[in-house]
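Below is one structure; the comments refer to it alone.
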Amino acid sequence: MRTRLTELLGIQLPIIQGGLANLAYAELAAAVSNAGGLGQITATSLPDAASLRREIERTRRLTTRPFGVNLAISQHKDVAALVEVIVEERVPAVTLTGGNPEPILRRLADTDIRKLVLVSAVRQAQKAEALGADAVMAVGQEGGGHIGRADTGTLVLVPRVAESVAIPVVASGGIADGRGLAAALALGAEGIEMGTRFVATQECIAHAAYKAAIVAGDIHETTVIKRSIGAPGRVLPSRWVEEILAREGAGTTPAELYPYVAGERNKTAALEGRLDEGYAWVGQSMGLIRSIPTVAELFADIVRDARRAAMRLSDQLQD
């Protein structure tokens with residue numbers, strides 16, 4: 001497939017693996033890149049800059065193809081040292097999610113690193129473009145992990161963003177297969193980003209219980225937490241999540257809520273499989289996921305199903 005995204009990133013298929021906090025390291029990133037997409041390392045889940053450098057080196061031993069580093073911008077962690085490692089290592093691409101991307105975009109402005117910014121609104125996309133982003137990833141409210149404050153769905157958000165910026169747009173949220181890829185391209189996107197679908201792959205280090213819950217889950221079985229502190233995120237339901245929601249409903253302050261939504265609690269569920277003692281990010285697309293394939297098998301299925309969807313649409317549009 002050829003789109004502006006594949007040309008921008010030097011990849012074969014317009015598919016980006018999401019940042020996946022605590023899960024996206026060399027094995028998964030390399031598998032995605034080797035299959036033709038853009039794999040990513042999750043930088044801010046690592047303990048320090050030296051660890052990021054080692055992970056970049058590990059990824060390069062596993063693939064010769066382009067890969068990226070995801071930086072989840074947060075007030076709880078200074079990413080300046082991570083950015084310097086990315087620059088020194090000349091990583092092919094960086095995706096920025098979460099907070100204000102401006103300082104990082106300015107630091108990367110004179111480099112060859114491709115810069116992609118996750119957005120959930122038209123104004124955010126336009127600002128990212130003005131600041132020098134090479135592409136934006138528009139995430140609808142169906143997505144897993146952190147989503148926008150407005151409940152705008154992918155089907156509406158993507159075409160609005162695509163008609164509002166000149167740079168390539170990547171569709172994210174609610175996409176897990178080739179039908180989603182074909183739909184995204186029809187909406188004006190140049191590719192897709194997936195998170196939940198990559199959790200349920202053989203190469204992902206997520207606990208088997210987490211993967212099994214995704215395969216067994218339905219589109220209605222997700223919950224949004226952290227709305228009360230302005231950082232909504234979609235998760236699997238659990239007893240721990242019920243406690244978070246109860247505390248939010250009772251007016252708990254951000255400082256009081258933080259121990260319940262800290263990254264360690266995500267590790268408890270995602271890496272240790274104790275789903276009722278923490279929270280695990282998941283999108284509504286889990287209702288479309290029925291297997292745990294290798295990344296190579298997943299990509300073959302996506303390409304096949306996207307082509308079938310395009311042929312079906314072409315047949316239906318004929319006079």
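Chain identifiers are assigned as A, B, and so on, following the order in which chains appear in the structure tokens; residues are numbered from 1 within each chain, and ligands are numbered from 1 in order of appearance.
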Output as a tab-separated table one row per residue of segment 164-278 of chain A within 6 Å of segment 287-303 of chain A: the closest atom pair and its distance in Å to one decimal place, counting only C-alpha atoms, sorted by chain and residue number ascending.
residue	atom	partner	partner_atom	distance
A:Asp177	CA	A:Ile302	CA	5.2
A:Gly178	CA	A:Ile302	CA	4.0
A:Ala200	CA	A:Ile292	CA	5.1
A:Thr201	CA	A:Ile292	CA	4.8
A:Gln202	CA	A:Thr294	CA	4.9
A:Val215	CA	A:Arg290	CA	4.9
A:Gly217	CA	A:Gly287	CA	5.7
A:Asp218	CA	A:Gly287	CA	4.2
A:Ile219	CA	A:Gly287	CA	4.3
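We find atom CA of Pro237 of chain A and atom CA of Asp151 of chain A to be spaced 19.1 Å apart.
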*What's the 7 Å shell around Thr223 of chain A, counting only C-alpha atoms, without same-chain residues fewer than 6 positions away, as a ChimeraX atom specification?*
/A:234-237
*Between A:Tyr258, A:Met286, A:Pro168, A:Arg304, which one has atoms that come closest to Arg4 of chain A, using only C-alpha atoms?*
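Of A:Tyr258, A:Met286, A:Pro168, A:Arg304, the one nearest Arg4 of chain A, counting only C-alpha atoms, is A:Pro168.
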Taking only residues of segment 175-292 of chain A that have an atom at most 7 Å from an atom of segment 23-44 of chain A, what is each one's shortest atom pair and its distance in Å to one decimal, using only C-alpha atoms, in chain and number order, as a Markdown table?
| residue | atom | partner | partner_atom | distance |
| --- | --- | --- | --- | --- |
| A:Glu203 | CA | A:Leu28 | CA | 5.3 |
| A:Cys204 | CA | A:Leu28 | CA | 5.6 |
| A:Ile205 | CA | A:Leu23 | CA | 5.9 |
| A:Ala206 | CA | A:Leu23 | CA | 6.2 |
Could you write out the selected residues, including all heavy atoms, as a PDB file, in the first residue's frame?
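Final file, again_33.pdb:
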ATOM      1  N   GLU A 203       3.633 -11.436  20.313  1.00  0.00           N
ATOM      2  CA  GLU A 203       4.875 -10.753  20.671  1.00  0.00           C
ATOM      3  C   GLU A 203       4.717  -9.755  21.811  1.00  0.00           C
ATOM      4  O   GLU A 203       5.721  -9.307  22.377  1.00  0.00           O
ATOM      5  CB  GLU A 203       5.447 -10.027  19.449  1.00  0.00           C
ATOM      6  CG  GLU A 203       5.956 -10.943  18.362  1.00  0.00           C
ATOM      7  CD  GLU A 203       4.901 -11.371  17.357  1.00  0.00           C
ATOM      8  OE1 GLU A 203       3.691 -11.150  17.626  1.00  0.00           O
ATOM      9  OE2 GLU A 203       5.264 -11.914  16.309  1.00  0.00           O
ATOM     10  N   CYS A 204       3.499  -9.397  22.159  1.00  0.00           N
ATOM     11  CA  CYS A 204       3.299  -8.446  23.246  1.00  0.00           C
ATOM     12  C   CYS A 204       3.519  -9.136  24.589  1.00  0.00           C
ATOM     13  O   CYS A 204       3.096 -10.278  24.795  1.00  0.00           O
ATOM     14  CB  CYS A 204       1.891  -7.855  23.194  1.00  0.00           C
ATOM     15  SG  CYS A 204       1.596  -6.564  24.427  1.00  0.00           S
ATOM     16  N   ILE A 205       4.166  -8.436  25.525  1.00  0.00           N
ATOM     17  CA  ILE A 205       4.483  -9.021  26.832  1.00  0.00           C
ATOM     18  C   ILE A 205       3.331  -8.922  27.824  1.00  0.00           C
ATOM     19  O   ILE A 205       3.494  -9.277  28.998  1.00  0.00           O
ATOM     20  CB  ILE A 205       5.740  -8.367  27.438  1.00  0.00           C
ATOM     21  CG1 ILE A 205       5.507  -6.869  27.693  1.00  0.00           C
ATOM     22  CG2 ILE A 205       6.949  -8.591  26.548  1.00  0.00           C
ATOM     23  CD1 ILE A 205       6.633  -6.209  28.476  1.00  0.00           C
ATOM     24  N   ALA A 206       2.161  -8.450  27.395  1.00  0.00           N
ATOM     25  CA  ALA A 206       1.003  -8.398  28.287  1.00  0.00           C
ATOM     26  C   ALA A 206       0.712  -9.782  28.865  1.00  0.00           C
ATOM     27  O   ALA A 206       0.922 -10.809  28.210  1.00  0.00           O
ATOM     28  CB  ALA A 206      -0.223  -7.890  27.526  1.00  0.00           C
TER      29      ALA A 206
END
*Using the chain letters and numbers from this document, which residues of segment 68-111 of chain A does DSSP assign to strand (DSSP E or B), as a PyMOL selection string?*
chain A and resi 68-74+77+93-98
Store the residues picked out above in a file with N, CA and C atoms, as a PDB file, in the first residue's frame.
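Output file result-v7.pdb follows:
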ATOM      1  N   GLY A  68       9.673   3.701  15.792  1.00  0.00           N
ATOM      2  CA  GLY A  68       9.475   4.964  16.486  1.00  0.00           C
ATOM      3  C   GLY A  68       9.594   4.823  17.993  1.00  0.00           C
ATOM      4  N   VAL A  69       9.612   5.970  18.656  1.00  0.00           N
ATOM      5  CA  VAL A  69       9.569   6.032  20.113  1.00  0.00           C
ATOM      6  C   VAL A  69       8.377   6.887  20.501  1.00  0.00           C
ATOM      7  N   ASN A  70       7.561   6.380  21.406  1.00  0.00           N
ATOM      8  CA  ASN A  70       6.424   7.138  21.908  1.00  0.00           C
ATOM      9  C   ASN A  70       6.789   7.837  23.206  1.00  0.00           C
ATOM     10  N   LEU A  71       6.473   9.117  23.269  1.00  0.00           N
ATOM     11  CA  LEU A  71       6.664   9.903  24.492  1.00  0.00           C
ATOM     12  C   LEU A  71       5.299  10.319  25.011  1.00  0.00           C
ATOM     13  N   ALA A  72       4.910   9.768  26.148  1.00  0.00           N
ATOM     14  CA  ALA A  72       3.667  10.159  26.804  1.00  0.00           C
ATOM     15  C   ALA A  72       3.987  11.317  27.737  1.00  0.00           C
ATOM     16  N   ILE A  73       3.601  12.508  27.338  1.00  0.00           N
ATOM     17  CA  ILE A  73       3.947  13.712  28.090  1.00  0.00           C
ATOM     18  C   ILE A  73       3.093  13.788  29.345  1.00  0.00           C
ATOM     19  N   SER A  74       3.744  13.958  30.488  1.00  0.00           N
ATOM     20  CA  SER A  74       3.033  13.966  31.764  1.00  0.00           C
ATOM     21  C   SER A  74       3.711  14.902  32.736  1.00  0.00           C
ATOM     22  N   LYS A  77       6.522  13.218  35.018  1.00  0.00           N
ATOM     23  CA  LYS A  77       7.828  12.742  34.578  1.00  0.00           C
ATOM     24  C   LYS A  77       8.444  13.720  33.593  1.00  0.00           C
ATOM     25  N   ALA A  93      11.379   8.020  14.010  1.00  0.00           N
ATOM     26  CA  ALA A  93      10.112   8.709  14.244  1.00  0.00           C
ATOM     27  C   ALA A  93       9.804   8.807  15.732  1.00  0.00           C
ATOM     28  N   VAL A  94       9.058   9.836  16.091  1.00  0.00           N
ATOM     29  CA  VAL A  94       8.596  10.038  17.462  1.00  0.00           C
ATOM     30  C   VAL A  94       7.110  10.347  17.424  1.00  0.00           C
ATOM     31  N   THR A  95       6.359   9.723  18.327  1.00  0.00           N
ATOM     32  CA  THR A  95       4.958  10.099  18.498  1.00  0.00           C
ATOM     33  C   THR A  95       4.800  10.715  19.875  1.00  0.00           C
ATOM     34  N   LEU A  96       4.032  11.796  19.934  1.00  0.00           N
ATOM     35  CA  LEU A  96       3.838  12.541  21.174  1.00  0.00           C
ATOM     36  C   LEU A  96       2.385  12.443  21.593  1.00  0.00           C
ATOM     37  N   THR A  97       2.159  11.997  22.810  1.00  0.00           N
ATOM     38  CA  THR A  97       0.809  11.846  23.326  1.00  0.00           C
ATOM     39  C   THR A  97       0.709  12.500  24.692  1.00  0.00           C
ATOM     40  N   GLY A  98      -0.483  12.921  25.056  1.00  0.00           N
ATOM     41  CA  GLY A  98      -0.701  13.474  26.390  1.00  0.00           C
ATOM     42  C   GLY A  98      -0.687  14.986  26.417  1.00  0.00           C
TER      43      GLY A  98
END
*Identify all residues of segment 127-245 of chain A in helix (DSSP H, G or I) (DSSP on the backbone) and supply them as a count of residues only.*
45
*Just how far from atom CA of Ile56 of chain A is atom CA of Ile16 of chain A, in Å to one decimal?*
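Separating atom CA of Ile16 of chain A from atom CA of Ile56 of chain A is a distance of 17.2 Å.
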*Between A:Ala183, A:Leu271, A:Ala280, A:Leu13, single out the one closest to Ala208 of chain A, counting only C-alpha atoms.*
A:Leu271
All residues 9 Å or closer to Arg123 of chain A, only C-alpha atoms, same chain fewer than 5 positions away omitted, as a short mmCIF file (atom, residue, chain, number, x, y, z; two decimals) with N, CA, C and O atoms, in the first residue's frame:
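out-v3.cif written:
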data_model
loop_
_atom_site.label_atom_id
_atom_site.label_comp_id
_atom_site.auth_asym_id
_atom_site.auth_seq_id
_atom_site.Cartn_x
_atom_site.Cartn_y
_atom_site.Cartn_z
N ALA A 128 -0.75 21.53 16.17
CA ALA A 128 0.39 20.62 15.96
C ALA A 128 1.03 20.87 14.60
O ALA A 128 2.26 20.90 14.48
N VAL A 161 -10.68 16.43 10.82
CA VAL A 161 -9.26 16.76 10.94
C VAL A 161 -8.60 16.74 9.56
O VAL A 161 -7.82 17.63 9.22
N SER A 164 -8.98 19.79 7.66
CA SER A 164 -8.55 20.99 8.38
C SER A 164 -7.03 21.19 8.40
O SER A 164 -6.56 22.25 8.82
#
